[in-house]
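protein.cif (mmCIF, C-alpha atoms and all ligand atoms)
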data_model
#
loop_
_atom_site.label_atom_id
_atom_site.label_comp_id
_atom_site.auth_asym_id
_atom_site.auth_seq_id
_atom_site.Cartn_x
_atom_site.Cartn_y
_atom_site.Cartn_z
CA MET A 4 94.37 55.12 118.35
CA ASP A 5 95.73 58.27 116.72
CA LEU A 6 94.02 60.94 118.80
CA GLY A 7 95.52 63.85 116.90
CA ALA A 8 94.22 62.60 113.54
CA ARG A 9 90.69 63.04 114.88
CA LEU A 10 91.25 66.81 114.95
CA ALA A 11 91.79 67.13 111.20
CA GLY A 12 89.26 69.57 109.75
CA LYS A 13 87.45 70.01 113.08
CA HIS A 14 86.67 73.55 114.18
CA ILE A 15 88.00 74.37 117.66
CA LEU A 16 87.42 77.66 119.49
CA ILE A 17 89.90 78.36 122.30
CA THR A 18 89.34 81.24 124.72
CA GLY A 19 92.19 83.19 126.30
CA ALA A 20 94.62 81.94 123.72
CA SER A 21 97.04 84.87 123.66
CA SER A 22 99.43 83.16 126.09
CA GLY A 23 100.24 80.08 128.12
CA LEU A 24 98.16 76.95 127.83
CA GLY A 25 95.63 78.47 125.43
CA ALA A 26 98.33 79.25 122.88
CA HIS A 27 99.82 75.79 123.46
CA PHE A 28 96.47 74.03 122.85
CA ALA A 29 95.92 76.15 119.74
CA MET A 30 99.29 75.06 118.32
CA LEU A 31 98.54 71.43 119.18
CA CYS A 32 95.24 71.65 117.26
CA ALA A 33 96.93 73.41 114.35
CA ARG A 34 99.65 70.76 114.03
CA HIS A 35 96.88 68.17 113.64
CA GLY A 36 95.14 70.11 110.87
CA ALA A 37 92.20 71.57 112.79
CA ARG A 38 90.40 74.79 111.95
CA VAL A 39 91.51 76.89 114.89
CA THR A 40 89.77 80.04 116.10
CA VAL A 41 91.45 81.81 119.00
CA GLY A 42 89.74 84.43 121.16
CA ALA A 43 91.30 87.16 123.25
CA ARG A 44 90.46 90.62 124.53
CA ARG A 45 93.12 92.26 122.38
CA LYS A 46 92.81 90.60 118.99
CA GLU A 47 96.02 92.23 117.73
CA LYS A 48 97.95 90.27 120.37
CA LEU A 49 97.00 87.15 118.41
CA ASP A 50 98.39 88.20 115.02
CA SER A 51 101.70 86.38 115.39
CA LEU A 52 100.00 83.31 116.92
CA VAL A 53 97.57 83.14 113.98
CA ALA A 54 100.53 83.22 111.55
CA GLU A 55 102.23 80.41 113.51
CA LEU A 56 99.01 78.35 113.54
CA ALA A 57 98.70 78.68 109.78
CA SER A 58 102.30 77.65 109.15
CA ALA A 59 101.99 74.74 111.61
CA GLY A 60 99.30 73.17 109.43
CA ALA A 61 95.95 74.52 110.63
CA ALA A 62 93.14 73.99 108.10
CA SER A 63 92.31 77.59 108.93
CA ALA A 64 93.51 79.97 111.62
CA ARG A 65 91.57 83.02 112.77
CA ALA A 66 91.43 85.35 115.72
CA VAL A 67 88.27 86.85 117.16
CA SER A 68 87.83 89.57 119.78
CA LEU A 69 86.52 88.08 122.97
CA ASP A 70 86.05 89.25 126.53
CA VAL A 71 84.37 86.35 128.31
CA THR A 72 83.07 88.70 131.02
CA ASP A 73 81.07 90.72 128.46
CA GLU A 74 77.80 89.19 127.24
CA ALA A 75 77.78 91.20 123.99
CA SER A 76 81.36 90.20 123.27
CA VAL A 77 80.52 86.52 123.83
CA LYS A 78 77.64 86.70 121.33
CA ALA A 79 79.77 88.67 118.83
CA CYS A 80 82.50 86.03 119.07
CA PHE A 81 80.08 83.27 118.04
CA ASP A 82 78.58 85.49 115.32
CA ALA A 83 82.11 85.95 113.94
CA LEU A 84 82.76 82.21 113.51
CA ASP A 85 83.16 81.28 109.85
CA ALA A 86 82.20 77.59 110.14
CA PRO A 87 80.14 75.36 112.45
CA LEU A 88 81.92 74.74 115.72
CA ASP A 89 82.92 71.26 116.87
CA THR A 90 84.64 71.99 120.18
CA LEU A 91 84.71 74.94 122.57
CA VAL A 92 87.72 75.08 124.91
CA ASN A 93 87.01 77.31 127.91
CA ASN A 94 90.60 78.15 128.76
CA ALA A 95 90.48 81.86 129.72
CA GLY A 96 91.09 82.31 133.42
CA ILE A 97 92.69 84.61 135.95
CA ALA A 98 94.26 84.02 139.36
CA LEU A 99 94.80 86.96 141.70
CA SER A 100 96.99 86.08 144.69
CA SER A 101 96.39 87.40 148.19
CA MET A 102 95.49 85.99 151.56
CA ALA A 103 91.71 85.74 151.95
CA ILE A 104 91.69 88.12 154.90
CA ASP A 105 93.13 90.88 152.71
CA THR A 106 91.45 90.06 149.40
CA PRO A 107 89.50 93.03 148.03
CA LEU A 108 85.98 91.99 147.06
CA ALA A 109 86.65 93.56 143.67
CA ASP A 110 89.34 90.92 143.13
CA PHE A 111 86.93 88.19 144.18
CA ASP A 112 84.36 89.54 141.71
CA ALA A 113 86.93 89.72 138.89
CA VAL A 114 87.98 86.09 139.38
CA MET A 115 84.36 84.91 139.45
CA ALA A 116 83.42 87.04 136.43
CA THR A 117 86.13 85.44 134.29
CA ASN A 118 86.50 81.93 135.66
CA VAL A 119 82.88 81.12 136.49
CA ARG A 120 80.46 83.50 134.75
CA GLY A 121 82.71 83.60 131.68
CA VAL A 122 82.81 79.80 131.40
CA PHE A 123 79.03 79.64 131.87
CA ALA A 124 78.35 82.40 129.33
CA MET A 125 80.53 80.78 126.66
CA ALA A 126 79.08 77.33 127.30
CA GLN A 127 75.52 78.67 127.25
CA GLU A 128 76.00 80.50 123.95
CA ALA A 129 77.63 77.46 122.34
CA GLY A 130 74.97 75.16 123.78
CA ARG A 131 72.09 77.28 122.50
CA ARG A 132 73.55 77.43 119.00
CA TRP A 133 74.27 73.67 118.85
CA ARG A 134 70.77 72.90 120.15
CA ASP A 135 69.10 75.29 117.69
CA ALA A 136 71.13 73.88 114.77
CA ARG A 137 70.45 70.30 115.97
CA GLN A 138 74.21 69.73 115.91
CA PRO A 139 76.23 67.76 118.44
CA GLY A 140 78.75 69.76 120.44
CA ASN A 141 81.73 69.34 122.72
CA ILE A 142 83.01 71.55 125.53
CA VAL A 143 86.32 71.21 127.35
CA ASN A 144 86.60 73.36 130.48
CA ILE A 145 90.11 74.00 131.74
CA ALA A 146 89.66 73.58 135.49
CA SER A 147 92.47 73.08 138.03
CA ILE A 148 93.37 70.71 140.84
CA LEU A 149 92.74 73.77 143.02
CA GLY A 150 89.06 73.11 142.37
CA GLN A 151 89.42 69.98 144.45
CA ARG A 152 92.22 70.68 146.97
CA VAL A 153 93.29 74.02 148.43
CA ALA A 154 96.44 76.11 148.83
CA GLY A 155 97.00 79.38 150.66
CA GLY A 156 96.78 82.72 148.90
CA VAL A 157 94.45 81.74 146.07
CA THR A 158 91.08 81.28 147.76
CA PRO A 159 88.87 83.01 145.16
CA TYR A 160 90.65 81.06 142.42
CA ALA A 161 90.13 77.75 144.24
CA ILE A 162 86.44 78.59 144.77
CA SER A 163 86.09 79.50 141.09
CA LYS A 164 87.69 76.28 139.87
CA ALA A 165 85.46 74.21 142.18
CA ALA A 166 82.56 75.98 140.44
CA VAL A 167 83.99 75.06 137.03
CA LYS A 168 84.12 71.42 138.15
CA GLN A 169 80.50 71.52 139.29
CA ALA A 170 79.41 73.44 136.15
CA THR A 171 80.96 70.63 134.09
CA HIS A 172 78.89 68.00 135.86
CA ALA A 173 75.66 70.05 135.80
CA LEU A 174 75.89 71.06 132.13
CA ALA A 175 76.78 67.49 131.13
CA LEU A 176 73.60 66.32 132.84
CA GLU A 177 71.35 68.90 131.16
CA TRP A 178 72.85 68.80 127.70
CA ALA A 179 73.47 65.10 127.05
CA ARG A 180 69.95 65.09 125.52
CA PHE A 181 71.18 67.56 122.87
CA GLY A 182 74.26 65.50 122.05
CA ILE A 183 76.49 68.03 123.77
CA ARG A 184 79.34 66.63 125.87
CA VAL A 185 80.96 68.69 128.64
CA ASN A 186 84.19 67.59 130.32
CA ALA A 187 86.90 69.25 132.38
CA LEU A 188 90.67 68.94 132.16
CA ALA A 189 92.19 69.76 135.55
CA PRO A 190 95.90 70.55 135.30
CA GLY A 191 98.23 70.47 138.25
CA TYR A 192 101.09 72.96 138.42
CA ILE A 193 102.35 73.55 134.90
CA GLU A 194 105.55 75.50 134.34
CA THR A 195 104.94 78.57 132.20
CA GLU A 196 106.81 81.84 131.73
CA ILE A 197 104.53 83.45 134.31
CA ASN A 198 105.36 81.13 137.24
CA ALA A 199 108.91 80.02 136.40
CA ALA A 200 110.47 82.61 138.74
CA PHE A 201 108.31 81.50 141.67
CA PHE A 202 109.24 77.85 141.26
CA ALA A 203 112.93 78.80 141.51
CA THR A 204 112.39 80.23 145.03
CA PRO A 205 112.58 78.11 148.25
CA PRO A 206 108.73 78.04 148.66
CA GLY A 207 108.41 77.10 145.00
CA GLU A 208 110.99 74.31 145.34
CA ALA A 209 109.18 73.05 148.46
CA MET A 210 105.94 72.91 146.50
CA ILE A 211 107.58 70.81 143.76
CA LYS A 212 108.75 68.33 146.44
CA ARG A 213 105.09 67.80 147.45
CA ILE A 214 104.24 66.60 143.93
CA PRO A 215 104.60 62.79 144.05
CA MET A 216 106.37 62.76 140.65
CA ARG A 217 108.75 65.47 141.97
CA ARG A 218 108.48 67.77 138.97
CA LEU A 219 106.25 70.43 137.51
CA GLY A 220 104.16 69.63 134.50
CA LYS A 221 105.07 70.85 131.05
CA PRO A 222 102.27 72.07 128.77
CA GLU A 223 102.80 69.00 126.56
CA ASP A 224 102.08 66.72 129.54
CA LEU A 225 98.43 67.77 129.03
CA ASP A 226 98.32 66.91 125.33
CA ALA A 227 96.99 63.34 125.47
CA ALA A 228 94.22 64.21 127.92
CA PHE A 229 93.35 67.33 125.93
CA LEU A 230 93.12 65.36 122.67
CA LEU A 231 90.99 62.70 124.33
CA LEU A 232 88.45 65.24 125.58
CA ALA A 233 88.56 67.65 122.63
CA THR A 234 87.87 64.99 119.98
CA ASP A 235 85.34 62.27 119.26
CA ALA A 236 87.80 59.73 120.69
CA SER A 237 85.72 60.02 123.89
CA PRO A 238 82.15 59.68 122.54
CA TRP A 239 80.70 58.25 125.76
CA MET A 240 82.55 60.57 128.15
CA THR A 241 80.63 63.48 129.57
CA GLY A 242 80.67 65.15 132.96
CA THR A 243 84.21 63.91 133.55
CA TYR A 244 86.76 65.81 135.60
CA LEU A 245 90.19 64.64 134.48
CA PRO A 246 93.18 65.68 136.60
CA VAL A 247 96.66 65.63 135.02
CA ASP A 248 98.96 66.56 137.86
CA GLY A 249 101.94 64.24 138.45
CA GLY A 250 99.95 62.72 141.31
CA HIS A 251 99.59 66.02 143.20
CA LEU A 252 95.98 65.30 144.23
CA CYS A 253 97.27 62.13 145.88
CA SER A 254 99.97 63.89 147.90
CA GLY A 255 100.13 62.58 151.47
CA LEU A 256 98.34 64.37 154.29
P1 LIG A 301 97.63 82.67 131.21
O1 LIG A 301 97.46 83.87 132.10
O2 LIG A 301 98.82 82.61 130.33
O3 LIG A 301 96.34 82.44 130.30
C1 LIG A 301 95.06 82.93 130.61
C2 LIG A 301 94.52 83.62 129.39
O4 LIG A 301 93.17 84.04 129.63
C3 LIG A 301 95.32 84.87 129.00
O5 LIG A 301 95.62 84.82 127.63
C4 LIG A 301 94.37 86.01 129.31
O6 LIG A 301 94.54 87.13 128.47
C5 LIG A 301 93.02 85.32 129.06
N1 LIG A 301 91.91 86.02 129.69
C6 LIG A 301 91.83 86.49 130.94
N2 LIG A 301 90.66 87.13 131.13
C7 LIG A 301 89.99 87.07 129.94
C8 LIG A 301 88.73 87.56 129.49
N3 LIG A 301 87.92 88.26 130.29
N4 LIG A 301 88.35 87.28 128.21
C9 LIG A 301 89.15 86.58 127.39
N5 LIG A 301 90.37 86.12 127.76
C10 LIG A 301 90.78 86.36 129.02
O7 LIG A 301 97.60 81.41 132.19
P2 LIG A 301 97.59 79.84 131.88
O8 LIG A 301 98.41 79.23 132.94
O9 LIG A 301 97.91 79.57 130.47
O10 LIG A 301 96.06 79.47 132.19
C11 LIG A 301 95.15 78.97 131.23
C12 LIG A 301 94.06 78.20 131.98
O11 LIG A 301 94.64 77.09 132.63
C13 LIG A 301 93.38 79.04 133.08
O12 LIG A 301 91.99 78.73 133.12
C14 LIG A 301 94.06 78.54 134.33
O13 LIG A 301 93.27 78.71 135.46
C15 LIG A 301 94.27 77.08 133.98
N6 LIG A 301 95.30 76.40 134.76
C16 LIG A 301 96.61 76.74 134.64
C17 LIG A 301 97.55 76.04 135.40
C18 LIG A 301 99.02 76.35 135.32
O14 LIG A 301 99.78 75.80 136.14
N7 LIG A 301 99.48 77.16 134.38
C19 LIG A 301 97.14 75.02 136.27
C20 LIG A 301 95.80 74.72 136.35
C21 LIG A 301 94.87 75.41 135.58
#
Is it possible to express this structure as structure tokens?
Ligand code: NAD
Amino acid sequence: MDLGARLAGKHILITGASSGLGAHFAMLCARHGARVTVGARRKEKLDSLVAELASAGAASARAVSLDVTDEASVKACFDALDAPLDTLVNNAGIALSSMAIDTPLADFDAVMATNVRGVFAMAQEAGRRWRDARQPGNIVNIASILGQRVAGGVTPYAISKAAVKQATHALALEWARFGIRVNALAPGYIETEINAAFFATPPGEAMIKRIPMRRLGKPEDLDAAFLLLATDASPWMTGTYLPVDGGHLCSGL
């Protein structure tokens, strides 16, 4: 089955696409001929990405302003879409590191506002519009294996990603009747520009040794799972939480 071919002409909205995995997923969709809309707080940061998406083969490439923590911005983002939406990818997320005992409650609130309330707000707005238009819909939440296991120094993040996992199950239950599927992709540790320096340190190297496959993921290691969930190749999948982690969730206790 050619998963990528199923993206051709489909309209995908990806949140938090100015960097990292969001930008990677946007390019993946563009290469397969999707209509790609990318959302970020500073729209101008997306100008060069939009140009790359267009030259990579996107059926259309657009950027919209989006702060997932701001209800008005969420609604404005959907109002700005230029075609019916097929798939929403809730990718925007933040992780603030500190030991729980020292974590300012403001940091806790910021992580929840983006990773939990933001995912819910985007899903709710998409869900309402699909229901009202009597259109099927598809949501892919980017969760994390830290929603299932824990590590030190990222407690609010782990709590937030557990909430994303549970939101995926709960929304799938409520919205199957509307033809709206909701699934989660749960990456393990993926090497990006942001964390490359950490993984070169002794604690970072020790963490890699705890991954059964003994290496970090690359963004492209997520591609097959992303394409499965983001397209109609998975018509009877909803409420699924799909880890892609080199076996990290199975690491020995
Ligand atoms: P990243 O920091 O490069 O990407 C996060 C994006 O979200 C950024 O572009 C940021 O600007 C955007 N964002 C933050 N707050 C926002 C807001 N209020 N409104 C709109 N956009 C906002 O990090 P990443 O590693 O690419 O992470 C992408 C997603 O993948 C996150 O949900 C993250 O939790 C998840 N994830 C990443 C890894 C990893 O190893 N990189 C592993 C598991 C899960």
*Counting only C-alpha atoms and all ligand atoms, name the residues that have an atom within 8 Å of an atom of ligand LIG 301 (chain A); the answer should be given as a VMD selection string.*
chain A and resid 18 to 26 42 to 44 69 to 73 93 to 98 116 to 118 121 145 to 149 160 164 189 to 195 197 to 198 220
Dump as an mmCIF file, in the frame of the given file, selection limited to C-alpha atoms:
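Saved to selection34.cif:
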data_model
loop_
_atom_site.group_PDB
_atom_site.id
_atom_site.type_symbol
_atom_site.label_atom_id
_atom_site.label_comp_id
_atom_site.auth_asym_id
_atom_site.auth_seq_id
_atom_site.Cartn_x
_atom_site.Cartn_y
_atom_site.Cartn_z
ATOM 1 C CA THR A 18 89.340 81.240 124.720
ATOM 2 C CA GLY A 19 92.190 83.190 126.300
ATOM 3 C CA ALA A 20 94.620 81.940 123.720
ATOM 4 C CA SER A 21 97.040 84.870 123.660
ATOM 5 C CA SER A 22 99.430 83.160 126.090
ATOM 6 C CA GLY A 23 100.240 80.080 128.120
ATOM 7 C CA LEU A 24 98.160 76.950 127.830
ATOM 8 C CA GLY A 25 95.630 78.470 125.430
ATOM 9 C CA ALA A 26 98.330 79.250 122.880
ATOM 10 C CA GLY A 42 89.740 84.430 121.160
ATOM 11 C CA ALA A 43 91.300 87.160 123.250
ATOM 12 C CA ARG A 44 90.460 90.620 124.530
ATOM 13 C CA LEU A 69 86.520 88.080 122.970
ATOM 14 C CA ASP A 70 86.050 89.250 126.530
ATOM 15 C CA VAL A 71 84.370 86.350 128.310
ATOM 16 C CA THR A 72 83.070 88.700 131.020
ATOM 17 C CA ASP A 73 81.070 90.720 128.460
ATOM 18 C CA ASN A 93 87.010 77.310 127.910
ATOM 19 C CA ASN A 94 90.600 78.150 128.760
ATOM 20 C CA ALA A 95 90.480 81.860 129.720
ATOM 21 C CA GLY A 96 91.090 82.310 133.420
ATOM 22 C CA ILE A 97 92.690 84.610 135.950
ATOM 23 C CA ALA A 98 94.260 84.020 139.360
ATOM 24 C CA ALA A 116 83.420 87.040 136.430
ATOM 25 C CA THR A 117 86.130 85.440 134.290
ATOM 26 C CA ASN A 118 86.500 81.930 135.660
ATOM 27 C CA GLY A 121 82.710 83.600 131.680
ATOM 28 C CA ILE A 145 90.110 74.000 131.740
ATOM 29 C CA ALA A 146 89.660 73.580 135.490
ATOM 30 C CA SER A 147 92.470 73.080 138.030
ATOM 31 C CA ILE A 148 93.370 70.710 140.840
ATOM 32 C CA LEU A 149 92.740 73.770 143.020
ATOM 33 C CA TYR A 160 90.650 81.060 142.420
ATOM 34 C CA LYS A 164 87.690 76.280 139.870
ATOM 35 C CA ALA A 189 92.190 69.760 135.550
ATOM 36 C CA PRO A 190 95.900 70.550 135.300
ATOM 37 C CA GLY A 191 98.230 70.470 138.250
ATOM 38 C CA TYR A 192 101.090 72.960 138.420
ATOM 39 C CA ILE A 193 102.350 73.550 134.900
ATOM 40 C CA GLU A 194 105.550 75.500 134.340
ATOM 41 C CA THR A 195 104.940 78.570 132.200
ATOM 42 C CA ILE A 197 104.530 83.450 134.310
ATOM 43 C CA ASN A 198 105.360 81.130 137.240
ATOM 44 C CA GLY A 220 104.160 69.630 134.500
#
*For Thr241 of chain A, which residue out of A:Ala129, A:Ala161, A:Val185, A:Met216 is the nearest one, using all atoms listed in the file?*
A:Val185
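Across the model, the gap from atom CA of Val247 of chain A to atom CA of Ile211 of chain A is 14.9 Å.
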*Between atom CA of Lys78 of chain A and atom CA of Ala124 of chain A, measure the distance and give it in Å to one decimal.*
9.1 Å
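Taking all atoms listed in the file, the non-local environment of Val92 of chain A within 10 Å (same-chain residues fewer than 5 positions away omitted) comprises Ile15, Leu16, Ile17, Thr18, Gly19, Ala20, Gly25, Phe28, Ala29, Val41, Val122, Met125, Ala126, Asn141, Ile142, Val143, Asn144, Ile145, Asn186, Ala187, Leu188, Phe229, Leu232 and Ala233 of chain A.
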Distance cut-off 12 Å, centre (70.5, 68.1, 127.6) in file coordinates, counting only C-alpha atoms: which residues qualify? Return them as a short mmCIF file (atom, residue, chain, number, x, y, z; two decimals) with C-alpha atoms, in the frame of the given file.
data_model
loop_
_atom_site.label_atom_id
_atom_site.label_comp_id
_atom_site.auth_asym_id
_atom_site.auth_seq_id
_atom_site.Cartn_x
_atom_site.Cartn_y
_atom_site.Cartn_z
CA GLN A 127 75.52 78.67 127.25
CA GLY A 130 74.97 75.16 123.78
CA ARG A 131 72.09 77.28 122.50
CA TRP A 133 74.27 73.67 118.85
CA ARG A 134 70.77 72.90 120.15
CA ARG A 137 70.45 70.30 115.97
CA PRO A 139 76.23 67.76 118.44
CA GLY A 140 78.75 69.76 120.44
CA HIS A 172 78.89 68.00 135.86
CA ALA A 173 75.66 70.05 135.80
CA LEU A 174 75.89 71.06 132.13
CA ALA A 175 76.78 67.49 131.13
CA LEU A 176 73.60 66.32 132.84
CA GLU A 177 71.35 68.90 131.16
CA TRP A 178 72.85 68.80 127.70
CA ALA A 179 73.47 65.10 127.05
CA ARG A 180 69.95 65.09 125.52
CA PHE A 181 71.18 67.56 122.87
CA GLY A 182 74.26 65.50 122.05
CA ILE A 183 76.49 68.03 123.77
CA ARG A 184 79.34 66.63 125.87
CA VAL A 185 80.96 68.69 128.64
CA THR A 241 80.63 63.48 129.57
CA GLY A 242 80.67 65.15 132.96
#
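Picture a line from atom CA of Ile104 of chain A to atom CA of Thr158 of chain A; it runs 9.9 Å.
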Point (83.4, 72.0, 147.2), cut-off 8 Å, counting all atoms listed in the file, residues as a compact mmCIF listing (two decimals) with C-alpha atoms, in the coordinates of the input:
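What follows is the written file point_3.txt:
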# COMPACT_ATOMS: atom_id res chain seq x y z
CA GLY A 150 89.06 73.11 142.37
CA GLN A 151 89.42 69.98 144.45
CA ILE A 162 86.44 78.59 144.77
CA ALA A 165 85.46 74.21 142.18
CA ALA A 166 82.56 75.98 140.44
Where's the centre, and what are the edge lengths in Å to one decimal, of a box along x, y and z enclosing all listed atoms of segment 41-60 of chain A padded 3 Å per side, as lines of an AutoDock Vina configuration file?
center_x = 96.0
center_y = 82.7
center_z = 116.8
size_x = 18.6
size_y = 25.1
size_z = 21.4
Give me, as a PDB file with C-alpha atoms, in the frame of the given file, all polymer residues having an atom no more than 12 Å from Arg213 of chain A, counting only C-alpha atoms and skipping those fewer than 6 positions away in the same chain.
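Output (selection20.pdb):
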ATOM      1  CA  GLY A 191      98.230  70.470 138.250  1.00  0.00           C
ATOM      2  CA  TYR A 192     101.090  72.960 138.420  1.00  0.00           C
ATOM      3  CA  PRO A 206     108.730  78.040 148.660  1.00  0.00           C
ATOM      4  CA  GLY A 207     108.410  77.100 145.000  1.00  0.00           C
ATOM      5  CA  LEU A 219     106.250  70.430 137.510  1.00  0.00           C
ATOM      6  CA  ASP A 248      98.960  66.560 137.860  1.00  0.00           C
ATOM      7  CA  GLY A 249     101.940  64.240 138.450  1.00  0.00           C
ATOM      8  CA  GLY A 250      99.950  62.720 141.310  1.00  0.00           C
ATOM      9  CA  HIS A 251      99.590  66.020 143.200  1.00  0.00           C
ATOM     10  CA  LEU A 252      95.980  65.300 144.230  1.00  0.00           C
ATOM     11  CA  CYS A 253      97.270  62.130 145.880  1.00  0.00           C
ATOM     12  CA  SER A 254      99.970  63.890 147.900  1.00  0.00           C
ATOM     13  CA  GLY A 255     100.130  62.580 151.470  1.00  0.00           C
ATOM     14  CA  LEU A 256      98.340  64.370 154.290  1.00  0.00           C
TER      15      LEU A 256
END
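Here the question is which of A:His27, A:Arg152, A:Arg120, A:Lys212 gets nearest to Leu225 of chain A using all atoms listed in the file, and that residue is A:His27.
Shortest atom-to-atom contact with Leu6 of chain A among A:Thr40, A:Leu230, A:Leu108, A:Gln138: A:Leu230, counting only C-alpha atoms.
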